[in-house]
file query-v2.csv (CSV, C-alpha atoms and all ligand atoms)
chain,number,residue,atom,x,y,z
A,1,MET,CA,-16.2,-2.3,-0.9
A,2,SER,CA,-14.2,0.9,-0.9
A,3,ILE,CA,-12.3,1.3,2.4
A,4,ILE,CA,-12.3,5.1,2.2
A,5,MET,CA,-15.3,6.7,0.6
A,6,GLN,CA,-14.7,8.1,-2.9
A,7,GLY,CA,-13.8,11.8,-2.8
A,8,HIS,CA,-12.7,11.6,0.8
A,9,GLY,CA,-9.1,11.5,1.9
A,10,GLY,CA,-7.7,9.0,4.3
A,11,ILE,CA,-4.9,6.7,5.2
A,12,GLU,CA,-5.1,2.9,4.8
A,13,VAL,CA,-2.3,0.7,6.1
A,14,VAL,CA,-1.8,-2.9,5.1
A,15,CYS,CA,0.8,-4.5,7.4
A,16,GLY,CA,2.1,-7.9,8.5
A,17,PRO,CA,5.2,-10.0,8.1
A,18,MET,CA,7.0,-11.0,4.9
A,19,PHE,CA,5.0,-13.2,2.6
A,20,SER,CA,1.7,-12.2,4.2
A,21,GLY,CA,0.3,-10.7,1.0
A,22,LYS,CA,0.7,-7.0,1.6
A,23,THR,CA,1.8,-6.3,-2.0
A,24,GLU,CA,-0.9,-8.5,-3.4
A,25,GLU,CA,-3.5,-6.6,-1.3
A,26,LEU,CA,-2.0,-3.2,-2.4
A,27,ILE,CA,-2.2,-4.4,-6.1
A,28,ARG,CA,-5.8,-5.6,-5.6
A,29,ARG,CA,-6.9,-2.2,-4.2
A,30,VAL,CA,-5.1,-0.3,-6.9
A,31,LYS,CA,-6.7,-2.5,-9.7
A,32,ARG,CA,-10.2,-1.9,-8.2
A,33,ALA,CA,-9.5,1.8,-8.1
A,34,GLN,CA,-8.4,1.7,-11.7
A,35,ILE,CA,-11.6,-0.2,-12.7
A,36,ALA,CA,-13.5,2.7,-11.0
A,37,LYS,CA,-11.5,5.0,-13.4
A,38,GLN,CA,-9.7,6.7,-10.5
A,39,ARG,CA,-6.2,7.9,-11.2
A,40,VAL,CA,-3.6,6.1,-9.1
A,41,GLN,CA,0.1,6.7,-8.6
A,42,ILE,CA,2.1,3.9,-7.1
A,43,PHE,CA,5.4,4.6,-5.3
A,44,LYS,CA,8.1,2.5,-3.8
A,45,PRO,CA,11.4,3.3,-2.1
A,46,ALA,CA,14.2,3.2,-4.6
A,47,ILE,CA,16.1,0.9,-2.3
A,48,ASP,CA,13.6,-1.9,-3.2
A,49,VAL,CA,15.0,-3.4,-6.4
A,50,ARG,CA,14.6,-7.1,-5.4
A,51,TYR,CA,12.5,-8.2,-8.4
A,52,ASP,CA,12.3,-5.1,-10.6
A,53,GLU,CA,13.7,-1.6,-10.6
A,54,LYS,CA,10.4,0.0,-11.4
A,55,LYS,CA,7.6,-2.4,-10.8
A,56,VAL,CA,6.0,-3.4,-7.5
A,57,VAL,CA,6.1,-7.2,-7.6
A,58,SER,CA,4.5,-9.7,-5.2
A,59,HIS,CA,6.0,-13.1,-4.3
A,60,SER,CA,3.3,-14.6,-6.4
A,61,SER,CA,4.7,-12.6,-9.4
A,62,GLN,CA,1.8,-10.2,-9.6
A,63,ALA,CA,3.2,-6.9,-10.8
A,64,ILE,CA,2.2,-3.3,-11.3
A,65,GLN,CA,4.2,-0.3,-12.7
A,66,SER,CA,5.5,2.0,-10.0
A,67,GLU,CA,7.7,5.1,-9.5
A,68,PRO,CA,10.7,4.5,-7.3
A,69,VAL,CA,11.6,7.5,-5.1
A,70,GLN,CA,14.6,8.3,-3.1
A,71,LYS,CA,12.8,10.1,-0.3
A,72,ALA,CA,9.3,10.8,1.0
A,73,THR,CA,9.1,14.4,-0.3
A,74,ASP,CA,9.8,13.1,-3.8
A,75,ILE,CA,6.2,11.8,-3.7
A,76,LEU,CA,4.8,15.4,-3.4
A,77,ILE,CA,7.0,16.6,-6.2
A,78,ARG,CA,5.9,13.8,-8.6
A,79,LEU,CA,2.2,14.1,-7.9
A,80,LYS,CA,0.1,14.7,-11.0
A,81,ASP,CA,-2.9,16.9,-11.1
A,82,THR,CA,-5.3,14.1,-12.0
A,83,THR,CA,-4.2,11.7,-9.3
A,84,ARG,CA,-6.7,10.8,-6.6
A,85,ILE,CA,-5.2,7.8,-5.0
A,86,ILE,CA,-1.6,7.2,-3.9
A,87,ALA,CA,-0.3,3.7,-3.1
A,88,ILE,CA,3.0,3.2,-1.4
A,89,ASP,CA,4.6,-0.2,-1.1
A,90,GLU,CA,7.4,-1.1,1.3
A,91,ILE,CA,6.7,2.1,3.2
A,92,GLN,CA,8.7,0.9,6.3
A,93,PHE,CA,11.9,1.8,4.3
A,94,PHE,CA,11.1,5.5,4.3
A,95,ASP,CA,12.3,7.7,7.1
A,96,GLU,CA,9.9,9.5,9.5
A,97,GLU,CA,9.2,12.3,7.0
A,98,ILE,CA,6.9,9.8,5.2
A,99,VAL,CA,4.4,10.3,8.1
A,100,THR,CA,4.1,14.0,7.5
A,101,VAL,CA,3.8,13.4,3.7
A,102,VAL,CA,1.1,10.8,4.1
A,103,LYS,CA,-0.9,12.8,6.6
A,104,LYS,CA,-0.6,16.0,4.4
A,105,LEU,CA,-1.9,14.0,1.4
A,106,ALA,CA,-4.8,12.5,3.3
A,107,ASP,CA,-5.8,15.9,4.7
A,108,ARG,CA,-5.8,17.3,1.2
A,109,GLY,CA,-8.3,14.7,0.2
A,110,TYR,CA,-6.2,11.9,-1.3
A,111,ARG,CA,-6.8,8.3,-0.5
A,112,VAL,CA,-3.4,7.0,0.6
A,113,ILE,CA,-2.8,3.2,0.6
A,114,CYS,CA,0.3,2.2,2.5
A,115,ALA,CA,1.8,-1.3,2.6
A,116,GLY,CA,4.7,-2.3,4.8
A,117,LEU,CA,6.3,-4.5,7.4
A,118,ASP,CA,4.9,-3.8,10.9
A,119,LEU,CA,8.0,-5.5,12.6
A,120,ASP,CA,11.6,-5.8,11.6
A,121,PHE,CA,13.5,-9.1,11.9
A,122,ARG,CA,14.2,-8.4,15.6
A,123,GLY,CA,10.4,-8.2,16.3
A,124,ILE,CA,10.7,-4.4,16.8
A,125,PRO,CA,8.2,-2.0,15.2
A,126,PHE,CA,9.7,-0.9,11.8
A,127,GLY,CA,10.7,2.8,11.3
A,128,PRO,CA,7.6,5.0,10.6
A,129,MET,CA,5.1,2.1,10.9
A,130,PRO,CA,3.9,2.8,14.5
A,131,MET,CA,3.0,6.4,13.6
A,132,LEU,CA,1.3,5.5,10.4
A,133,LEU,CA,-0.7,2.8,12.1
A,134,ALA,CA,-1.9,5.2,14.8
A,135,LEU,CA,-2.8,7.9,12.2
A,136,ALA,CA,-4.5,5.5,9.8
A,137,ASP,CA,-8.3,5.6,9.2
A,138,ASN,CA,-8.2,1.9,8.3
A,139,VAL,CA,-5.7,-0.8,9.2
A,140,GLN,CA,-5.5,-4.4,7.8
A,141,LYS,CA,-3.0,-6.6,9.6
A,142,ILE,CA,-2.5,-9.8,7.6
A,143,GLN,CA,-0.7,-13.0,8.4
A,144,ALA,CA,1.5,-15.4,6.4
A,145,ILE,CA,1.8,-19.1,6.9
A,146,CYS,CA,4.4,-20.4,9.4
A,147,THR,CA,6.9,-22.4,7.4
A,148,VAL,CA,7.5,-24.7,10.4
A,149,CYS,CA,4.0,-25.6,11.5
A,150,GLY,CA,1.5,-24.1,9.1
A,151,ALA,CA,-0.1,-21.8,11.7
A,152,PRO,CA,-0.8,-18.1,10.9
A,153,ALA,CA,2.5,-16.3,10.9
A,154,THR,CA,3.1,-12.8,12.3
A,155,ARG,CA,6.8,-12.7,12.4
A,156,SER,CA,9.7,-12.4,9.8
A,157,GLN,CA,12.4,-14.8,10.7
A,158,ARG,CA,15.9,-13.8,9.4
A,159,LEU,CA,17.7,-16.9,8.2
A,160,SER,CA,21.2,-15.3,7.9
A,161,ASP,CA,23.1,-14.0,10.8
A,162,SER,CA,23.5,-10.4,9.5
A,163,ASN,CA,22.4,-7.8,12.0
A,164,ASP,CA,21.5,-5.0,9.5
A,165,THR,CA,17.9,-3.9,9.8
A,166,VAL,CA,17.6,-3.8,6.1
A,167,LEU,CA,18.7,-6.9,4.3
A,168,LEU,CA,17.2,-7.3,0.9
A,169,GLY,CA,16.7,-10.6,-0.8
A,170,GLU,CA,13.8,-12.8,0.1
A,171,LYS,CA,13.2,-16.5,0.0
A,172,GLU,CA,16.8,-17.3,1.0
A,173,ALA,CA,17.1,-14.6,3.7
A,174,TYR,CA,13.7,-14.8,5.5
A,175,ASP,CA,10.9,-17.1,6.5
A,176,ALA,CA,7.4,-16.3,7.8
A,177,ARG,CA,7.0,-17.7,11.3
A,178,CYS,CA,4.3,-17.9,14.0
A,179,ARG,CA,5.2,-16.6,17.5
A,180,ALA,CA,6.1,-20.1,18.7
A,181,HIS,CA,8.6,-20.8,15.9
A,182,TYR,CA,10.1,-17.3,15.7
A,183,PHE,CA,13.5,-17.0,17.3
A,184,TYR,CA,15.7,-13.9,17.8
A,185,GLU,CA,18.3,-13.7,20.5
A,186,PRO,CA,19.5,-10.0,20.7
A,187,GLU,CA,23.2,-9.7,21.3
A,188,ASP,CA,22.7,-6.1,22.1
A,189,GLU,CA,20.4,-5.3,25.1
A,190,GLN,CA,19.5,-1.9,23.5
A,191,VAL,CA,17.4,-3.5,20.9
A,192,ARG,CA,15.0,-4.8,23.5
A,193,LEU,CA,11.7,-2.9,23.8
A,194,PRO,CA,11.6,-0.6,26.8
A,195,ILE,CA,9.6,-2.3,29.6
A,196,LYS,CA,8.7,-0.6,32.9
A,197,GLU,CA,10.4,-2.3,35.8
A,198,GLU,CA,7.2,-3.4,37.5
A,199,VAL,CA,6.1,-5.2,34.3
A,200,SER,CA,9.4,-6.8,33.4
A,201,GLN,CA,9.3,-9.3,36.4
A,202,PHE,CA,6.3,-10.9,34.7
A,203,ILE,CA,7.9,-11.1,31.3
A,204,ASN,CA,11.5,-12.2,31.8
B,301,LIG,P1,4.3,-9.5,1.1
B,301,LIG,O1,4.2,-8.2,0.3
B,301,LIG,O2,3.5,-9.4,2.4
B,301,LIG,O3,5.7,-9.9,1.4
B,301,LIG,P2,3.3,-10.8,-1.3
B,301,LIG,O4,2.0,-10.1,-1.6
B,301,LIG,O5,4.5,-10.3,-2.1
B,301,LIG,O6,3.7,-10.7,0.3
B,301,LIG,O7,3.2,-12.3,-1.5
B,301,LIG,C1,2.3,-13.1,-0.9
B,301,LIG,C2,2.3,-14.5,-1.6
B,301,LIG,O8,3.6,-15.1,-1.2
B,301,LIG,C3,1.3,-15.5,-1.2
B,301,LIG,O9,0.1,-15.3,-2.0
B,301,LIG,C4,2.0,-16.8,-1.6
B,301,LIG,O10,1.8,-17.1,-3.0
B,301,LIG,C5,3.4,-16.5,-1.4
B,301,LIG,N1,4.0,-17.2,-0.2
B,301,LIG,C6,5.3,-17.7,-0.1
B,301,LIG,N2,5.6,-18.1,1.1
B,301,LIG,C7,4.5,-17.9,1.9
B,301,LIG,C8,4.2,-18.1,3.3
B,301,LIG,N3,5.1,-18.6,4.1
B,301,LIG,N4,3.0,-17.7,3.7
B,301,LIG,C9,2.1,-17.2,2.8
B,301,LIG,N5,2.3,-16.9,1.5
B,301,LIG,C10,3.5,-17.3,1.0
B,302,MG,MG,5.6,-6.9,-0.4

call {"tool": "encode", "arguments": {"input": "query-v2.csv", "output": "structure tokens", "more": "lines below"}}
Ligand code: ADP
Ligand code: MG
result
Amino acid sequence: MSIIMQGHGGIEVVCGPMFSGKTEELIRRVKRAQIAKQRVQIFKPAIDVRYDEKKVVSHSSQAIQSEPVQKATDILIRLKDTTRIIAIDEIQFFDEEIVTVVKKLADRGYRVICAGLDLDFRGIPFGPMPMLLALADNVQKIQAICTVCGAPATRSQRLSDSNDTVLLGEKEAYDARCRAHYFYEPEDEQVRLPIKEEVSQFIN
């Protein structure tokens, strides 16, 4: 099943926590498009060099050639005439400009497949993801397996005590966790989500 009809532009977002299979799903969609002889270009932010400088690589060692780019507009510059489909992995690492780029491409008739973390390690929506999710034509939110209890996991647990939003490195640095086994104690009150006062009494 093609998620966006051939010849029609649109935005697909695959999101979820670490280890949920976002990259596998992106590779699966790209391979199916290639079987259909559609030209695909795959991009990733240059910051993501965990497994390979150029390839998009899943935790299950599936890999596909990609073009690392420094910033969102580089995708427009590198676009080839024959390309019909654009796949972008780790899209949460791009700045807000990626939203304009992705929307522009979809409006121009390209199928844009985006994969990225919906939440950061603090459980807060990651960078451009909220906008992308709202603008998407199709969203797939996938779950990993909680490493504590085996339940479906929706959160990425940081195992080190670094407070940087971006901390690369995988197996040693993060775990997939369900809501019950996810733990984050913000030292800084500002990282809490804004909650209206009348609601906060029911939550805290
Ligand atoms: P993502 O891009 O979402 O981080 P990948 O597509 O790279 O995920 O990898 C998914 C694969 O990771 C799974 O198919 C499985 O082989 C492996 N894996 C390792 N730990 C877990 C976990 N806790 N839950 C689910 N899959 C895991
Ligand atoms: Mg991935």

call {"tool": "closest_residue", "arguments": {"input": "query-v2.csv", "among": "A:Arg155, A:Lys103, A:Lys71, A:Arg39", "to": "Pro125 in chain A", "atoms": "only C-alpha atoms"}}
result
A:Arg155

call {"tool": "residues_around", "arguments": {"input": "query-v2.csv", "residues": "Ser156 in chain A", "least_positions_apart": "2", "cutoff": "10 Å", "atoms": "only C-alpha atoms", "output": "PyMOL selection string"}}
result
chain A and resi 16-20+117-123+144+146+153-154+158-159+173-179+182-183

call {"tool": "residues_near_ligand", "arguments": {"input": "query-v2.csv", "ligand": "ligand MG 302 (chain B)", "cutoff": "6 Å", "atoms": "only C-alpha atoms and all ligand atoms", "output": "VMD selection string"}}
result
chain A and resid 22 to 23 58

call {"tool": "residues_around", "arguments": {"input": "query-v2.csv", "residues": "Ile98 in chain A", "least_positions_apart": "4", "cutoff": "12 Å", "atoms": "all atoms listed in the file", "output": "list in words"}}
result
Phe43, Lys44, Pro45, Val69, Gln70, Lys71, Ala72, Thr73, Asp74, Ile75, Leu76, Ile88, Glu90, Ile91, Gln92, Phe93, Phe94, Val102, Lys103, Lys104, Leu105, Val112, Cys114, Gly127, Pro128, Met129, Met131 and Leu132 of chain A

call {"tool": "atom_distance", "arguments": {"input": "query-v2.csv", "atom1": "CA of Leu135 in chain A", "atom2": "CA of Thr100 in chain A"}}
result
10.3 Å

call {"tool": "atom_distance", "arguments": {"input": "query-v2.csv", "atom1": "CA of Ile85 in chain A", "atom2": "atom N4 of ligand LIG 301 (chain B)"}}
result
28.2 Å

call {"tool": "closest_residue", "arguments": {"input": "query-v2.csv", "among": "A:Lys80, A:Arg28, A:His8, A:Lys54", "to": "ligand LIG 301 (chain B)", "atoms": "all atoms listed in the file"}}
result
A:Arg28

call {"tool": "atom_distance", "arguments": {"input": "query-v2.csv", "atom1": "CA of Arg32 in chain A", "atom2": "CA of Ala106 in chain A"}}
result
19.2 Å

call {"tool": "closest_residue", "arguments": {"input": "query-v2.csv", "among": "A:Gly9, A:Pro186, A:Gly116, A:Gly21", "to": "ligand LIG 301 (chain B)", "atoms": "all atoms listed in the file"}}
result
A:Gly21

call {"tool": "closest_residue", "arguments": {"input": "query-v2.csv", "among": "A:Gln62, A:Ile145, A:Pro130, A:Val13", "to": "ligand LIG 301 (chain B)", "atoms": "all atoms listed in the file"}}
result
A:Ile145

call {"tool": "closest_residue", "arguments": {"input": "query-v2.csv", "among": "A:Gly10, A:Val148, A:Pro68, A:Asp161", "to": "Glu185 in chain A", "atoms": "all atoms listed in the file"}}
result
A:Asp161

call {"tool": "closest_residue", "arguments": {"input": "query-v2.csv", "among": "A:Ala115, A:Leu79, A:Leu133, A:Ala46", "to": "ligand LIG 301 (chain B)", "atoms": "all atoms listed in the file"}}
result
A:Ala115

call {"tool": "residues_around", "arguments": {"input": "query-v2.csv", "residues": "Thr83 in chain A", "least_positions_apart": "4", "cutoff": "10 Å", "atoms": "all atoms listed in the file", "output": "ChimeraX atom specification"}}
result
/A:38-41,79,110-111

call {"tool": "write_last_selection", "arguments": {"input": "query-v2.csv", "atoms": "C-alpha atoms", "output": "tab-separated table (two decimals), in the coordinates of the input"}}
result
chain	number	residue	atom	x	y	z
A	38	GLN	CA	-9.70	6.70	-10.50
A	39	ARG	CA	-6.20	7.90	-11.20
A	40	VAL	CA	-3.60	6.10	-9.10
A	41	GLN	CA	0.10	6.70	-8.60
A	79	LEU	CA	2.20	14.10	-7.90
A	110	TYR	CA	-6.20	11.90	-1.30
A	111	ARG	CA	-6.80	8.30	-0.50
